[in-house]
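What follows is one structure encoded as structure tokens, with my remarks underneath.
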Amino acid sequence: MSADEEMESTAGAGDNPDADVAEHAVDGPANEGSGDPLLSLSGVETYYGDSHVLEGVDLEVYEGEVVALMGRNGVGKTTTLRSVLQLTPPREGSIRYRGEELVGRETHEVAARGLGWIPEGRRMFGQLSVEENVRVAVPDADDADAALELAFETFPDLAERRDANAGDLSGGQQQMLAIARGLVGDNDLLLVDEPSEGLAPLIVEAVAEALTEAAADTTILLVEQNLPLALDVADRFYVLDHGTVVDEGDTDAVSAEGDRLRRYLSA
Amino acid sequence: MTAGVALASLPPLVSAMPAVPLQFADALIEFLSPSTLADVILRGIAEASLYVMIAAGLTLVFGLMGVLNFAHGSLTMLGAYIGGLVLVTLVSGSGGGGRLLAFGVAVVVAFGALAALGGGIEVGLVRPIYDRPPLYQILLTFGVTLVLDEIARIVVLFYGLQPTTVWQDVLGTKPTFLAESVGAAGVAVSGLELFQILFGVATVVGVHLFLTRTRYGLFVRAGGEDSEMLSALGVDVNRVFTVVFALGTGIAGAAGVLLAWDPSWGASVPLAAETLLPAFVVVIVGGLGTFRGTVVAALIVGLVDSSMTWWFQNFVDFTGLPEMVVFLVLVITLIVKPQGLYGVSEVGGH
């Protein structure tokens, strides 16, 4: 879903359907005791024009964990990632990365601090080759060859099509390239938006595997509506509804079939 | 290109109709003779070289930034004047080799001066309105062109630069090998045309290498597709915009120096509009924002223009209409392929 769709959807949403939000919203992060969070959002309020999309989002991501951000279409998941990257800067609130305030910085400055983005819809540079798509994501040109080696070792399918235009790849291959672009960017935190969207089940499995491998070295904030995938990959979760966090906890404590998440995620 | 058509000067086409088929056949045979054809093609390529130099910056800026720079012609005109001033300053009394060296210096100075001015315009004027609708950018750059044209007009009138003998001597006199024609196999080509082709080829090769072999070129191509994604990869897109804007205006300035030396163009304030119109034709026919399209369209427009010039001179005995034919190419392209030869539905910008 595009940011615009998300804006419209949120703008037209009704009241919160759940009265017992507070019941689960007090679980707290699993790694809370392991030090300062890598990323923390506090009271983030983001608008598209006059539409109030994020209405005071608070969340924390600790180093080494995978955190899933879930919710229905239009509740502000993509906007949360865009706010972190300052692509849609919040009007109020604080976003800190390694303790440093990100609000007010340029997007490229935020990215240069080690935040990578694997956006919804992949957003390949379609007229550039696979190799060029990887090269453009490498901060230091001297590291390009090593980055290409890493990308093609992780995704051998891409190596076979390194000279093809990215726009000519299949959806699955494009998603692999999007993940590869995030991996080679020397990032400490990956913001991954709907990686399974529009992909065949077999490809979704490969994406889950790639994310799990990436999580060994990188912290991940994952926006995902595919509940089994999100719970399989993530350590903790947050649920957004109407632009605010309504539930959070460990993924071990919930199941894809249980009512706790289903009531927020089913249409 | 000649503007202005007096209706009274039109030849009596209707009364000449019975003789036309024979004349047409004779003209066609003459046109297809190897020497004429080679001459027309070389003239066309020389013209295309000028067009590609004028339009390269326009298409680079639009391709990356989505900004249609109406001030581009004025920057070319300023390049012609700056180059002319450098030539006037350096050339007096020097021989052919000295003039060529002075020309090289003039190209470098005009490129540098216009690149700096273009960079300043991008940072100071265009950047603050990137997030506004395209109409703002069109109005702004149109306003810039009015200001630059008036400044040039005032300076020229006040100091009387252009009418001075030394100015006309310097710009009207070229090194011997450029003023003379080079002949081979019955085809005579002016040295100036060969020089223009050389510059055009150098521009095409240079821009192509910049786009395909440099990291900045990679950013330019990626930013043309999705500048937001590029910035999220850690690239300072605003800096890339400034570099490309400066590069584009620098090339326009260098092209202006070449035009100042060409008797069919020359340094003048109206040069701004005279260059902007064909540049727009080339950029639109090629497809907005595609450099490859610009090169191909420049060749098409150059060859059509030189062919029609020959036909109107030798068959119709009238020289005013070829310019109309160039715009006819634009109209046909917009009807048949509205996005241009290599155009895409959407190009860069914020």
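Here's how to read the names in the structure tokens: chain A, B, ... by the order shown, residue numbers from 1 in each chain, ligand numbers from 1 in the order shown.
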
Quiz item: stretch 198-204 of chain B: which residues within 7 Å, counting only C-alpha atoms, same-chain residues fewer than 5 positions away excluded, as a list in words?
Solution: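 Listed by chain and then number, they are Ser49, Leu50, Val52 and Met53 of chain B.
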
Quiz item: If we count only C-alpha atoms, what is near stretch 249-256 of chain B at a cut-off of 6 Å, once residues fewer than 2 positions away on the same chain are taken out, given as a count of residues only?
Solution: 17

Quiz item: Contacts of B:Leu135 at 12 Å or less, counting only C-alpha atoms, minus same-chain residues fewer than 4 places along, as a PyMOL selection string?
Solution: chain B and resi 66-70+129-131+139-142

Taking all heavy atoms for each residue, export the selection above as an mmCIF file, in the first residue's frame.
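What follows is the written file out14.cif:
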```cif
data_model
loop_
_atom_site.group_PDB
_atom_site.id
_atom_site.type_symbol
_atom_site.label_atom_id
_atom_site.label_comp_id
_atom_site.auth_asym_id
_atom_site.auth_seq_id
_atom_site.Cartn_x
_atom_site.Cartn_y
_atom_site.Cartn_z
ATOM 1 N N GLY B 66 13.225 16.785 -13.017
ATOM 2 C CA GLY B 66 11.869 17.085 -13.448
ATOM 3 C C GLY B 66 11.628 18.583 -13.605
ATOM 4 O O GLY B 66 10.496 19.032 -13.598
ATOM 5 N N VAL B 67 12.726 19.341 -13.753
ATOM 6 C CA VAL B 67 12.594 20.793 -13.898
ATOM 7 C C VAL B 67 12.811 21.174 -15.361
ATOM 8 O O VAL B 67 13.845 20.863 -15.945
ATOM 9 C CB VAL B 67 13.638 21.530 -13.023
ATOM 10 C CG1 VAL B 67 13.611 23.027 -13.306
ATOM 11 C CG2 VAL B 67 13.367 21.268 -11.556
ATOM 12 N N LEU B 68 11.811 21.822 -15.937
ATOM 13 C CA LEU B 68 11.941 22.311 -17.305
ATOM 14 C C LEU B 68 12.541 23.704 -17.227
ATOM 15 O O LEU B 68 11.854 24.660 -16.847
ATOM 16 C CB LEU B 68 10.544 22.339 -17.954
ATOM 17 C CG LEU B 68 10.452 22.129 -19.468
ATOM 18 C CD1 LEU B 68 11.284 20.951 -19.923
ATOM 19 C CD2 LEU B 68 9.014 21.969 -19.890
ATOM 20 N N ASN B 69 13.821 23.811 -17.563
ATOM 21 C CA ASN B 69 14.554 25.049 -17.338
ATOM 22 C C ASN B 69 14.396 26.001 -18.514
ATOM 23 O O ASN B 69 15.118 25.897 -19.505
ATOM 24 C CB ASN B 69 16.033 24.716 -17.090
ATOM 25 C CG ASN B 69 16.858 25.957 -16.846
ATOM 26 O OD1 ASN B 69 16.320 27.029 -16.582
ATOM 27 N ND2 ASN B 69 18.171 25.825 -16.945
ATOM 28 N N PHE B 70 13.480 26.937 -18.379
ATOM 29 C CA PHE B 70 13.261 27.895 -19.458
ATOM 30 C C PHE B 70 14.411 28.895 -19.581
ATOM 31 O O PHE B 70 14.479 29.633 -20.556
ATOM 32 C CB PHE B 70 11.933 28.646 -19.231
ATOM 33 C CG PHE B 70 10.749 27.923 -19.801
ATOM 34 C CD1 PHE B 70 10.250 26.794 -19.181
ATOM 35 C CD2 PHE B 70 10.144 28.358 -20.965
ATOM 36 C CE1 PHE B 70 9.169 26.110 -19.703
ATOM 37 C CE2 PHE B 70 9.051 27.683 -21.500
ATOM 38 C CZ PHE B 70 8.567 26.560 -20.868
ATOM 39 N N ILE B 129 11.855 25.659 -4.285
ATOM 40 C CA ILE B 129 10.496 25.393 -4.786
ATOM 41 C C ILE B 129 10.368 24.006 -5.418
ATOM 42 O O ILE B 129 9.448 23.760 -6.186
ATOM 43 C CB ILE B 129 10.048 26.474 -5.797
ATOM 44 C CG1 ILE B 129 10.999 26.520 -7.000
ATOM 45 C CG2 ILE B 129 9.950 27.835 -5.141
ATOM 46 C CD1 ILE B 129 10.416 27.311 -8.152
ATOM 47 N N TYR B 130 11.303 23.095 -5.091
ATOM 48 C CA TYR B 130 11.209 21.737 -5.642
ATOM 49 C C TYR B 130 9.890 21.061 -5.279
ATOM 50 O O TYR B 130 9.333 20.305 -6.064
ATOM 51 C CB TYR B 130 12.351 20.869 -5.113
ATOM 52 C CG TYR B 130 13.612 20.970 -5.920
ATOM 53 C CD1 TYR B 130 14.840 21.110 -5.287
ATOM 54 C CD2 TYR B 130 13.589 20.920 -7.301
ATOM 55 C CE1 TYR B 130 16.009 21.212 -6.012
ATOM 56 C CE2 TYR B 130 14.758 21.031 -8.035
ATOM 57 C CZ TYR B 130 15.956 21.172 -7.382
ATOM 58 O OH TYR B 130 17.104 21.279 -8.097
ATOM 59 N N ASP B 131 9.427 21.328 -4.059
ATOM 60 C CA ASP B 131 8.240 20.613 -3.585
ATOM 61 C C ASP B 131 6.939 21.231 -4.075
ATOM 62 O O ASP B 131 5.867 20.739 -3.757
ATOM 63 C CB ASP B 131 8.246 20.553 -2.048
ATOM 64 C CG ASP B 131 9.371 19.667 -1.549
ATOM 65 O OD1 ASP B 131 9.743 18.744 -2.279
ATOM 66 O OD2 ASP B 131 9.870 19.912 -0.436
ATOM 67 N N LEU B 139 7.551 29.109 -14.132
ATOM 68 C CA LEU B 139 7.464 30.566 -13.977
ATOM 69 C C LEU B 139 8.785 31.143 -13.484
ATOM 70 O O LEU B 139 9.238 32.189 -13.949
ATOM 71 C CB LEU B 139 6.335 30.923 -13.003
ATOM 72 C CG LEU B 139 4.910 30.688 -13.520
ATOM 73 C CD1 LEU B 139 3.890 30.945 -12.413
ATOM 74 C CD2 LEU B 139 4.613 31.585 -14.720
ATOM 75 N N LEU B 140 9.412 30.436 -12.541
ATOM 76 C CA LEU B 140 10.677 30.924 -11.993
ATOM 77 C C LEU B 140 11.750 30.988 -13.081
ATOM 78 O O LEU B 140 12.407 32.028 -13.249
ATOM 79 C CB LEU B 140 11.154 30.016 -10.860
ATOM 80 C CG LEU B 140 12.543 30.401 -10.350
ATOM 81 C CD1 LEU B 140 12.448 31.506 -9.315
ATOM 82 C CD2 LEU B 140 13.283 29.222 -9.779
ATOM 83 N N THR B 141 11.938 29.882 -13.803
ATOM 84 C CA THR B 141 13.006 29.859 -14.810
ATOM 85 C C THR B 141 12.680 30.817 -15.956
ATOM 86 O O THR B 141 13.578 31.392 -16.566
ATOM 87 C CB THR B 141 13.258 28.433 -15.334
ATOM 88 O OG1 THR B 141 12.027 27.883 -15.829
ATOM 89 C CG2 THR B 141 13.811 27.544 -14.247
ATOM 90 N N PHE B 142 11.383 30.994 -16.240
ATOM 91 C CA PHE B 142 11.006 31.975 -17.260
ATOM 92 C C PHE B 142 11.360 33.378 -16.774
ATOM 93 O O PHE B 142 11.863 34.206 -17.536
ATOM 94 C CB PHE B 142 9.512 31.871 -17.567
ATOM 95 C CG PHE B 142 9.083 32.727 -18.729
ATOM 96 C CD1 PHE B 142 9.515 32.442 -20.017
ATOM 97 C CD2 PHE B 142 8.272 33.832 -18.536
ATOM 98 C CE1 PHE B 142 9.135 33.241 -21.088
ATOM 99 C CE2 PHE B 142 7.892 34.636 -19.601
ATOM 100 C CZ PHE B 142 8.327 34.337 -20.884
#
```

Exercise. Using only C-alpha atoms, pick whichever of A:Val134, A:Leu102, A:Leu39, A:Leu265 has the shortest atom-to-atom distance to chain B.
Key: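 Closest to chain B, using only C-alpha atoms: A:Val134.
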
Practice problem: Give me, as a list in words, the contact residues of chain B against chain A at a cut-off of 10 Å, counting only C-alpha atoms. | Solution: Thr212, Arg215, Tyr216, Leu218, Phe219, Arg221, Ala222, Gly223, Gly224, Glu225, Asp226, Ser227, Glu228, Met229, Leu230, Ser231, Ala232, Leu233, Gly234, Val235, Asp236, Val237 and Asn238 of chain B

Could you please take those selected residues and save C-alpha atoms as a PDB file, in the first residue's frame?
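The result, stored in again_1.pdb:
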```pdb
ATOM      1  CA  THR B 212      27.729   5.253 -17.436  1.00  0.00           C
ATOM      2  CA  ARG B 215      29.518   7.169  -9.580  1.00  0.00           C
ATOM      3  CA  TYR B 216      27.793  10.508 -10.004  1.00  0.00           C
ATOM      4  CA  LEU B 218      25.032   6.281 -11.597  1.00  0.00           C
ATOM      5  CA  PHE B 219      23.357   8.578  -9.062  1.00  0.00           C
ATOM      6  CA  ARG B 221      20.400   7.728 -13.637  1.00  0.00           C
ATOM      7  CA  ALA B 222      19.081   6.275 -10.387  1.00  0.00           C
ATOM      8  CA  GLY B 223      17.799   9.660  -9.203  1.00  0.00           C
ATOM      9  CA  GLY B 224      16.012  10.154 -12.500  1.00  0.00           C
ATOM     10  CA  GLU B 225      13.956   7.073 -11.680  1.00  0.00           C
ATOM     11  CA  ASP B 226      13.407   7.518  -7.946  1.00  0.00           C
ATOM     12  CA  SER B 227      15.182  10.336  -6.115  1.00  0.00           C
ATOM     13  CA  GLU B 228      13.468   9.514  -2.808  1.00  0.00           C
ATOM     14  CA  MET B 229      14.802   5.943  -2.874  1.00  0.00           C
ATOM     15  CA  LEU B 230      18.229   7.279  -3.761  1.00  0.00           C
ATOM     16  CA  SER B 231      18.270   9.576  -0.739  1.00  0.00           C
ATOM     17  CA  ALA B 232      17.174   6.652   1.460  1.00  0.00           C
ATOM     18  CA  LEU B 233      20.317   4.859   0.265  1.00  0.00           C
ATOM     19  CA  GLY B 234      22.410   7.625   1.794  1.00  0.00           C
ATOM     20  CA  VAL B 235      23.010   9.752  -1.300  1.00  0.00           C
ATOM     21  CA  ASP B 236      22.792  13.521  -0.938  1.00  0.00           C
ATOM     22  CA  VAL B 237      20.358  14.042  -3.796  1.00  0.00           C
ATOM     23  CA  ASN B 238      20.423  17.833  -3.476  1.00  0.00           C
TER      24      ASN B 238
END
```

Quiz prompt | DSSP-assigned helix (DSSP H, G or I) among stretch 52-246 of chain B, expressed as an MDAnalysis selection string | solution = chainID B and resid 52:65 72:91 96:129 134:159 165:172 176:179 191:213 215:232 237:246

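Atom pair atom CA of B:Ser268 / atom CA of B:Ala102: separated by 20.1 Å.
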
Self-check item: Residue set, stretch 3-208 of chain A restricted to strand (DSSP E or B), as a PyMOL selection string
Solution: chain A and resi 39-48+51-61+66-70+92-97+100-101+115-118+129+165+189-193
